[in-house]
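Text of the file structure_13.pdb, holding PDB, C-alpha atoms:
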```pdb
ATOM      1  CA  MET A   1     -68.049  79.951  49.824
ATOM      2  CA  ASN A   2     -65.358  78.660  47.491
ATOM      3  CA  THR A   3     -62.697  77.023  49.672
ATOM      4  CA  SER A   4     -60.049  77.335  46.971
ATOM      5  CA  PHE A   5     -57.790  80.297  47.681
ATOM      6  CA  PRO A   6     -57.746  82.687  44.689
ATOM      7  CA  VAL A   7     -54.361  83.023  43.012
ATOM      8  CA  LEU A   8     -53.658  86.330  41.241
ATOM      9  CA  TYR A   9     -50.834  87.178  38.873
ATOM     10  CA  THR A  10     -48.913  90.304  37.967
ATOM     11  CA  GLU A  11     -45.950  90.738  35.672
ATOM     12  CA  ARG A  12     -43.401  89.995  38.417
ATOM     13  CA  PHE A  13     -45.405  88.315  41.170
ATOM     14  CA  VAL A  14     -47.743  85.476  42.054
ATOM     15  CA  LEU A  15     -50.206  86.438  44.777
ATOM     16  CA  ARG A  16     -50.973  83.192  46.565
ATOM     17  CA  LYS A  17     -51.962  81.583  49.834
ATOM     18  CA  MET A  18     -49.102  81.438  52.286
ATOM     19  CA  GLU A  19     -48.108  78.098  53.773
ATOM     20  CA  GLU A  20     -46.158  77.243  56.908
ATOM     21  CA  SER A  21     -43.203  76.540  54.605
ATOM     22  CA  ASP A  22     -43.119  80.309  53.901
ATOM     23  CA  ALA A  23     -42.464  81.093  57.572
ATOM     24  CA  GLY A  24     -38.751  81.730  57.050
ATOM     25  CA  GLU A  25     -39.401  84.505  54.547
ATOM     26  CA  VAL A  26     -42.215  86.005  56.646
ATOM     27  CA  PHE A  27     -39.975  85.914  59.731
ATOM     28  CA  ALA A  28     -37.167  87.599  57.777
ATOM     29  CA  TYR A  29     -39.160  90.778  57.262
ATOM     30  CA  PHE A  30     -41.326  90.760  60.401
ATOM     31  CA  SER A  31     -38.191  90.472  62.542
ATOM     32  CA  ASP A  32     -36.953  93.754  61.043
ATOM     33  CA  ASP A  33     -37.742  96.796  63.218
ATOM     34  CA  GLU A  34     -38.053  98.996  60.108
ATOM     35  CA  VAL A  35     -40.937  96.810  58.871
ATOM     36  CA  THR A  36     -42.770  96.734  62.210
ATOM     37  CA  ARG A  37     -42.087 100.397  62.981
ATOM     38  CA  TYR A  38     -45.582 101.367  61.781
ATOM     39  CA  TYR A  39     -47.158  97.948  62.261
ATOM     40  CA  ASP A  40     -49.445  96.997  65.141
ATOM     41  CA  LEU A  41     -47.166  94.192  66.303
ATOM     42  CA  GLU A  42     -43.744  93.845  67.842
ATOM     43  CA  SER A  43     -40.840  92.586  65.752
ATOM     44  CA  PHE A  44     -40.728  88.799  65.640
ATOM     45  CA  THR A  45     -38.056  87.019  67.644
ATOM     46  CA  GLU A  46     -38.957  83.415  66.702
ATOM     47  CA  VAL A  47     -39.920  81.735  63.428
ATOM     48  CA  ASN A  48     -42.929  80.236  65.216
ATOM     49  CA  GLN A  49     -44.468  83.732  65.338
ATOM     50  CA  ALA A  50     -44.435  83.740  61.523
ATOM     51  CA  VAL A  51     -46.132  80.324  61.492
ATOM     52  CA  GLU A  52     -48.801  81.710  63.842
ATOM     53  CA  ILE A  53     -49.567  84.760  61.680
ATOM     54  CA  ILE A  54     -49.712  82.619  58.513
ATOM     55  CA  ASN A  55     -52.169  80.287  60.258
ATOM     56  CA  ARG A  56     -54.229  83.238  61.523
ATOM     57  CA  TRP A  57     -54.487  84.598  57.966
ATOM     58  CA  SER A  58     -55.511  81.121  56.730
ATOM     59  CA  GLU A  59     -58.201  80.871  59.410
ATOM     60  CA  ARG A  60     -59.550  84.277  58.375
ATOM     61  CA  PHE A  61     -59.908  82.964  54.811
ATOM     62  CA  TYR A  62     -61.529  79.665  55.816
ATOM     63  CA  HIS A  63     -64.053  81.533  57.983
ATOM     64  CA  ASN A  64     -64.862  83.880  55.075
ATOM     65  CA  GLU A  65     -63.538  86.864  57.022
ATOM     66  CA  GLY A  66     -60.841  88.056  54.643
ATOM     67  CA  PHE A  67     -57.974  87.303  52.300
ATOM     68  CA  ARG A  68     -54.220  87.692  52.751
ATOM     69  CA  TRP A  69     -52.088  87.021  49.710
ATOM     70  CA  GLY A  70     -48.420  86.197  49.965
ATOM     71  CA  ILE A  71     -46.470  88.205  47.401
ATOM     72  CA  ALA A  72     -44.165  85.649  45.786
ATOM     73  CA  ASP A  73     -41.485  86.433  43.246
ATOM     74  CA  ARG A  74     -42.566  84.657  40.028
ATOM     75  CA  GLN A  75     -39.022  83.492  39.280
ATOM     76  CA  ILE A  76     -38.240  81.789  42.590
ATOM     77  CA  ASN A  77     -41.663  81.568  44.344
ATOM     78  CA  LYS A  78     -40.291  83.102  47.565
ATOM     79  CA  ILE A  79     -42.499  85.365  49.694
ATOM     80  CA  ILE A  80     -41.332  88.986  49.827
ATOM     81  CA  GLY A  81     -44.406  90.442  51.564
ATOM     82  CA  SER A  82     -48.161  90.190  51.840
ATOM     83  CA  CYS A  83     -51.301  92.161  51.093
ATOM     84  CA  GLY A  84     -54.934  91.572  51.826
ATOM     85  CA  TYR A  85     -58.271  92.329  53.388
ATOM     86  CA  HIS A  86     -59.362  92.217  57.020
ATOM     87  CA  ASN A  87     -62.109  93.885  59.055
ATOM     88  CA  TRP A  88     -64.490  92.804  56.302
ATOM     89  CA  GLU A  89     -67.904  94.254  57.129
ATOM     90  CA  LYS A  90     -70.162  92.484  54.635
ATOM     91  CA  GLU A  91     -73.296  94.327  55.772
ATOM     92  CA  HIS A  92     -71.584  97.608  54.882
ATOM     93  CA  PHE A  93     -69.815  96.307  51.725
ATOM     94  CA  LYS A  94     -66.413  97.432  52.968
ATOM     95  CA  ALA A  95     -63.087  96.033  54.124
ATOM     96  CA  GLU A  96     -59.720  97.294  55.278
ATOM     97  CA  ILE A  97     -56.605  96.591  53.251
ATOM     98  CA  GLY A  98     -53.138  96.131  54.698
ATOM     99  CA  PHE A  99     -49.717  95.224  53.374
ATOM    100  CA  GLU A 100     -45.999  94.951  54.064
ATOM    101  CA  VAL A 101     -42.919  94.216  51.991
ATOM    102  CA  ASN A 102     -39.409  93.054  52.787
ATOM    103  CA  PRO A 103     -37.133  96.149  52.908
ATOM    104  CA  SER A 104     -34.943  94.620  50.178
ATOM    105  CA  HIS A 105     -37.900  95.277  47.846
ATOM    106  CA  TRP A 106     -38.817  98.789  49.023
ATOM    107  CA  ARG A 107     -39.065 101.520  46.368
ATOM    108  CA  LYS A 108     -39.257  98.979  43.534
ATOM    109  CA  GLY A 109     -42.957  99.371  42.712
ATOM    110  CA  VAL A 110     -44.029  96.122  44.385
ATOM    111  CA  MET A 111     -47.164  97.470  46.074
ATOM    112  CA  THR A 112     -48.138  99.575  43.073
ATOM    113  CA  GLU A 113     -48.062  96.400  40.987
ATOM    114  CA  VAL A 114     -49.896  94.092  43.415
ATOM    115  CA  LEU A 115     -52.538  96.527  44.652
ATOM    116  CA  SER A 116     -54.135  96.676  41.205
ATOM    117  CA  PRO A 117     -55.362  93.033  41.000
ATOM    118  CA  ILE A 118     -56.144  92.956  44.729
ATOM    119  CA  LEU A 119     -58.344  96.063  44.492
ATOM    120  CA  LYS A 120     -60.045  94.643  41.401
ATOM    121  CA  PHE A 121     -60.689  91.392  43.299
ATOM    122  CA  GLY A 122     -62.193  93.336  46.215
ATOM    123  CA  PHE A 123     -64.623  95.231  44.030
ATOM    124  CA  THR A 124     -65.536  92.461  41.580
ATOM    125  CA  GLN A 125     -65.309  89.256  43.658
ATOM    126  CA  MET A 126     -65.948  90.407  47.234
ATOM    127  CA  ASN A 127     -68.602  92.913  46.145
ATOM    128  CA  LEU A 128     -67.006  95.715  48.146
ATOM    129  CA  ASN A 129     -68.148  99.287  47.710
ATOM    130  CA  ARG A 130     -65.418 100.809  49.905
ATOM    131  CA  ILE A 131     -61.861  99.726  50.553
ATOM    132  CA  GLU A 132     -60.170 101.636  53.331
ATOM    133  CA  ALA A 133     -56.671 101.785  54.714
ATOM    134  CA  PHE A 134     -55.357 103.055  58.021
ATOM    135  CA  TYR A 135     -51.726 104.031  58.466
ATOM    136  CA  ASP A 136     -49.489 105.960  60.812
ATOM    137  CA  PRO A 137     -49.532 109.630  59.719
ATOM    138  CA  ASP A 138     -45.706 109.570  59.765
ATOM    139  CA  ASN A 139     -45.594 106.668  57.288
ATOM    140  CA  THR A 140     -45.244 108.721  54.117
ATOM    141  CA  ALA A 141     -44.275 105.668  52.024
ATOM    142  CA  SER A 142     -47.643 104.016  52.695
ATOM    143  CA  LYS A 143     -49.483 107.288  52.126
ATOM    144  CA  LEU A 144     -47.845 107.807  48.724
ATOM    145  CA  CYS A 145     -48.362 104.178  47.716
ATOM    146  CA  LEU A 146     -52.056 104.312  48.561
ATOM    147  CA  GLU A 147     -52.537 107.641  46.771
ATOM    148  CA  LYS A 148     -50.847 106.182  43.681
ATOM    149  CA  ALA A 149     -53.355 103.298  43.821
ATOM    150  CA  GLY A 150     -56.268 105.768  43.821
ATOM    151  CA  PHE A 151     -57.015 106.088  47.532
ATOM    152  CA  ILE A 152     -58.319 109.449  48.744
ATOM    153  CA  TYR A 153     -57.002 110.811  52.042
ATOM    154  CA  GLU A 154     -59.874 111.436  54.480
ATOM    155  CA  GLY A 155     -58.167 112.634  57.645
ATOM    156  CA  VAL A 156     -56.625 111.572  60.923
ATOM    157  CA  LEU A 157     -58.376 109.711  63.715
ATOM    158  CA  ARG A 158     -56.737 111.077  66.847
ATOM    159  CA  GLN A 159     -55.399 108.451  69.267
ATOM    160  CA  ALA A 160     -57.543 105.843  67.505
ATOM    161  CA  ALA A 161     -55.337 102.898  68.429
ATOM    162  CA  TYR A 162     -53.328 101.641  71.360
ATOM    163  CA  GLU A 163     -50.213  99.955  70.017
ATOM    164  CA  LYS A 164     -46.956  98.984  71.666
ATOM    165  CA  GLY A 165     -47.951 100.720  74.889
ATOM    166  CA  VAL A 166     -48.937 104.120  73.462
ATOM    167  CA  PHE A 167     -51.990 105.769  71.970
ATOM    168  CA  CYS A 168     -51.438 106.621  68.318
ATOM    169  CA  ASP A 169     -53.168 108.496  65.573
ATOM    170  CA  ALA A 170     -54.384 106.746  62.442
ATOM    171  CA  ALA A 171     -54.636 108.394  59.050
ATOM    172  CA  VAL A 172     -57.493 106.993  56.970
ATOM    173  CA  CYS A 173     -57.979 106.887  53.231
ATOM    174  CA  SER A 174     -60.297 104.983  50.923
ATOM    175  CA  VAL A 175     -61.196 104.151  47.366
ATOM    176  CA  LEU A 176     -64.806 103.614  46.301
ATOM    177  CA  LYS A 177     -66.050 101.128  43.735
ATOM    178  CA  GLU A 178     -67.460 103.839  41.438
ATOM    179  CA  GLU A 179     -64.111 105.665  41.462
ATOM    180  CA  TYR A 180     -62.155 102.508  40.786
ATOM    181  CA  MET A 181     -64.457 101.295  38.010
ATOM    182  CA  LYS A 182     -64.394 104.693  36.302
ATOM    183  CA  GLU A 183     -60.599 104.930  36.506
ATOM    184  CA  HIS A 184     -59.953 101.334  35.392
ATOM    185  CA  SER A 185     -62.862 100.837  32.964
ATOM    186  CA  VAL A 186     -63.787  97.532  34.623
TER     187      VAL A 186
END
```

Let me see the structure of the file written as structure tokens.
Amino acid sequence: MNTSFPVLYTERFVLRKMEESDAGEVFAYFSDDEVTRYYDLESFTEVNQAVEIINRWSERFYHNEGFRWGIADRQINKIIGSCGYHNWEKEHFKAEIGFEVNPSHWRKGVMTEVLSPILKFGFTQMNLNRIEAFYDPDNTASKLCLEKAGFIYEGVLRQAAYEKGVFCDAAVCSVLKEEYMKEHSV
């Protein structure tokens, strides 16, 4: 495996590997209850928790288990969120995608812009056939964002997860390689 983390570019953002020096920005949004409301972790209370998650994402990359790009503003190179692949099942040619963005950048088209090169990377570089996403059925912002990116809603898995002390449902959607390639003429 190539040990060089792939850097992707969009008009407004650089999608890059996160470093421990980005922990302040990551802490800023993961300490916000609005960000973690639908996330499977509690709001951060210490910057060290941001360092830990950045290191966990780096380990996932170095063990060829996934990718997590920091979404950095091209002008100032500060992290405003992240997006990437986990639960990569190579034998089934599929992975799960996840993302979050600092609330100061909500409703500004950030995820619409960054999902495009990340989906292309998944299908062309990771050889995925299926990219799936799970989200809280009440999280309409994620649902709309994923639909805009071409994901097809498949249904709700009842009480599929145990998070923050309660069983919760998980909506699932996916995009297939053939659909993506047809839509994007790749």

Mind checking which residues fall within 12 Å of stretch 19-31 of chain A, counting only C-alpha atoms, ignoring those fewer than 4 positions away in the same chain, and posting them as a ChimeraX atom specification? /A:5,35-59,68-73,77-82,99-106

Picked residues, the PyMOL selection byres ((chain A and resi 174-185) around 9), as a list in words: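 Checking the PyMOL selection byres ((chain A and resi 174-185) around 9) against this file, the residues are Glu96, Leu119, Lys120, Phe123, Thr124, Asn127, Leu128, Asn129, Arg130, Ile131, Glu132, Ala133, Phe134, Leu146, Ala149, Gly150, Phe151, Ile152, Tyr153, Glu154, Val172, Cys173 and Val186 of chain A.
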
Starting from the displayed file, determine the output of the PyMOL selection byres ((chain A and resi 86-92) around 8) and express the residue list as a ChimeraX atom specification. /A:65-67,84-85,93-98,128

Can you measure atom CA of A:Asp32 to atom CA of A:Val156 for me? One decimal in Å is fine.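 Atom CA of A:Asp32 sits 26.5 Å away from atom CA of A:Val156.
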
Find the residue from A:Asn139, A:Ser4, A:Gln159, A:Gln125 that sits nearest to A:Tyr62; use all atoms listed in the file when measuring.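 So, comparing all the options, the nearest one is A:Ser4.
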
With 8 Å of padding per side, what axis-aligned box (centre and edge lengths, Å, one decimal) covers all the listed atoms of stretch 85-103 of chain A? Give it as JSON.
```
{"center_x": -55.2, "center_y": 94.9, "center_z": 55.4, "size_x": 52.2, "size_y": 21.4, "size_z": 23.3}
```

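Our summary of the geometry notes that atom CA of A:Arg158 is positioned 13.2 Å from atom CA of A:Asp138.
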
Closest to A:Ala160 among A:Ala141, A:Ile118, A:Lys17, A:Tyr135, using all atoms listed in the file? A:Tyr135

Atom-to-atom span, atom CA of A:Leu115 and atom CA of A:Cys83, Å: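 Answer for the atom CA of A:Leu115 to atom CA of A:Cys83 separation: 7.9 Å.
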
Spatial neighbours of A:Leu8, max dist 8 Å, all atoms listed in the file, sep filter under 3 positions, as a PyMOL selection string: chain A and resi 14-16+117-118

Go ahead and save the residues from that selection, with C-alpha atoms, as a PDB file, in the coordinates of the input.
```
ATOM      1  CA  VAL A  14     -47.743  85.476  42.054  1.00  0.00           C
ATOM      2  CA  LEU A  15     -50.206  86.438  44.777  1.00  0.00           C
ATOM      3  CA  ARG A  16     -50.973  83.192  46.565  1.00  0.00           C
ATOM      4  CA  PRO A 117     -55.362  93.033  41.000  1.00  0.00           C
ATOM      5  CA  ILE A 118     -56.144  92.956  44.729  1.00  0.00           C
TER       6      ILE A 118
END
```

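Candidate residues A:Arg60, A:Tyr162, A:Arg74, A:Cys145 were compared for distance to A:Thr3, and the nearest is A:Arg60, using all atoms listed in the file.
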
Give the answer as one residue: which of A:Ala170, A:Leu144, A:Met126, A:Lys164 has the shortest atom-to-atom distance to A:Asn64, using all atoms listed in the file?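 Between A:Ala170, A:Leu144, A:Met126, A:Lys164, the residue approaching A:Asn64 most closely is A:Met126.
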
Fewer than 6 positions away in the same chain doesn't count, so skip those; otherwise give me all residues within 10 Å of A:Lys148, counting all atoms listed in the file, as a list in words.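 Using all atoms listed in the file, the neighbours found are Met111, Thr112, Leu115 and Ser142 of chain A.
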
Would you put the residues from that selection into a file with C-alpha atoms, as a compact mmCIF listing (two decimals), in the frame of the given file?
```txt
# COMPACT_ATOMS: atom_id res chain seq x y z
CA MET A 111 -47.16 97.47 46.07
CA THR A 112 -48.14 99.58 43.07
CA LEU A 115 -52.54 96.53 44.65
CA SER A 142 -47.64 104.02 52.70
```

N, CA, C and O atoms restored at stretch 41-67 of chain A, emitted as a tab-separated table (two decimals), keeping the file's coordinate frame:
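For reference, result_6.tsv as written:
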```tsv
chain	number	residue	atom	x	y	z
A	41	LEU	N	-47.74	95.32	65.58
A	41	LEU	CA	-47.17	94.19	66.30
A	41	LEU	C	-45.68	94.43	66.53
A	41	LEU	O	-45.06	95.22	65.83
A	42	GLU	N	-45.17	93.74	67.53
A	42	GLU	CA	-43.74	93.84	67.84
A	42	GLU	C	-42.96	93.02	66.83
A	42	GLU	O	-43.48	92.07	66.25
A	43	SER	N	-41.70	93.37	66.64
A	43	SER	CA	-40.84	92.59	65.75
A	43	SER	C	-40.76	91.14	66.24
A	43	SER	O	-40.68	90.89	67.44
A	44	PHE	N	-40.79	90.21	65.30
A	44	PHE	CA	-40.73	88.80	65.64
A	44	PHE	C	-39.34	88.44	66.16
A	44	PHE	O	-38.33	88.97	65.69
A	45	THR	N	-39.32	87.51	67.11
A	45	THR	CA	-38.06	87.02	67.64
A	45	THR	C	-37.90	85.52	67.40
A	45	THR	O	-36.83	84.97	67.62
A	46	GLU	N	-38.98	84.86	66.96
A	46	GLU	CA	-38.96	83.42	66.70
A	46	GLU	C	-39.73	83.11	65.42
A	46	GLU	O	-40.76	83.74	65.15
A	47	VAL	N	-39.25	82.14	64.67
A	47	VAL	CA	-39.92	81.74	63.43
A	47	VAL	C	-41.35	81.28	63.71
A	47	VAL	O	-42.24	81.47	62.87
A	48	ASN	N	-41.59	80.71	64.89
A	48	ASN	CA	-42.93	80.24	65.22
A	48	ASN	C	-43.96	81.36	65.17
A	48	ASN	O	-45.13	81.13	64.88
A	49	GLN	N	-43.54	82.60	65.43
A	49	GLN	CA	-44.47	83.73	65.34
A	49	GLN	C	-44.93	83.92	63.89
A	49	GLN	O	-46.08	84.28	63.64
A	50	ALA	N	-44.06	83.66	62.93
A	50	ALA	CA	-44.44	83.74	61.52
A	50	ALA	C	-45.42	82.64	61.18
A	50	ALA	O	-46.39	82.86	60.46
A	51	VAL	N	-45.20	81.44	61.71
A	51	VAL	CA	-46.13	80.32	61.49
A	51	VAL	C	-47.51	80.71	62.04
A	51	VAL	O	-48.53	80.49	61.38
A	52	GLU	N	-47.53	81.31	63.22
A	52	GLU	CA	-48.80	81.71	63.84
A	52	GLU	C	-49.56	82.73	63.00
A	52	GLU	O	-50.77	82.62	62.83
A	53	ILE	N	-48.86	83.74	62.46
A	53	ILE	CA	-49.57	84.76	61.68
A	53	ILE	C	-50.06	84.17	60.35
A	53	ILE	O	-51.16	84.48	59.90
A	54	ILE	N	-49.27	83.29	59.75
A	54	ILE	CA	-49.71	82.62	58.51
A	54	ILE	C	-50.97	81.81	58.80
A	54	ILE	O	-51.94	81.86	58.03
A	55	ASN	N	-50.99	81.08	59.90
A	55	ASN	CA	-52.17	80.29	60.26
A	55	ASN	C	-53.37	81.17	60.58
A	55	ASN	O	-54.51	80.83	60.23
A	56	ARG	N	-53.13	82.30	61.22
A	56	ARG	CA	-54.23	83.24	61.52
A	56	ARG	C	-54.85	83.77	60.23
A	56	ARG	O	-56.06	83.86	60.08
A	57	TRP	N	-53.99	84.12	59.25
A	57	TRP	CA	-54.49	84.60	57.97
A	57	TRP	C	-55.26	83.50	57.24
A	57	TRP	O	-56.28	83.76	56.61
A	58	SER	N	-54.80	82.25	57.35
A	58	SER	CA	-55.51	81.12	56.73
A	58	SER	C	-56.88	80.92	57.37
A	58	SER	O	-57.87	80.68	56.67
A	59	GLU	N	-56.92	81.01	58.70
A	59	GLU	CA	-58.20	80.87	59.41
A	59	GLU	C	-59.18	81.96	58.97
A	59	GLU	O	-60.37	81.70	58.79
A	60	ARG	N	-58.70	83.17	58.81
A	60	ARG	CA	-59.55	84.28	58.38
A	60	ARG	C	-60.19	83.94	57.02
A	60	ARG	O	-61.36	84.18	56.80
A	61	PHE	N	-59.39	83.36	56.12
A	61	PHE	CA	-59.91	82.96	54.81
A	61	PHE	C	-60.94	81.85	54.96
A	61	PHE	O	-62.05	81.94	54.40
A	62	TYR	N	-60.62	80.81	55.70
A	62	TYR	CA	-61.53	79.67	55.82
A	62	TYR	C	-62.83	80.02	56.53
A	62	TYR	O	-63.85	79.37	56.32
A	63	HIS	N	-62.83	81.07	57.33
A	63	HIS	CA	-64.05	81.53	57.98
A	63	HIS	C	-64.73	82.65	57.19
A	63	HIS	O	-65.65	83.31	57.71
A	64	ASN	N	-64.28	82.87	55.96
A	64	ASN	CA	-64.86	83.88	55.08
A	64	ASN	C	-64.84	85.28	55.71
A	64	ASN	O	-65.78	86.04	55.62
A	65	GLU	N	-63.70	85.58	56.35
A	65	GLU	CA	-63.54	86.86	57.02
A	65	GLU	C	-62.50	87.76	56.35
A	65	GLU	O	-62.32	88.90	56.77
A	66	GLY	N	-61.83	87.25	55.34
A	66	GLY	CA	-60.84	88.06	54.64
A	66	GLY	C	-59.89	87.23	53.81
A	66	GLY	O	-60.01	86.00	53.73
A	67	PHE	N	-58.97	87.92	53.17
A	67	PHE	CA	-57.97	87.30	52.30
A	67	PHE	C	-56.63	87.95	52.60
A	67	PHE	O	-56.55	89.16	52.76
```
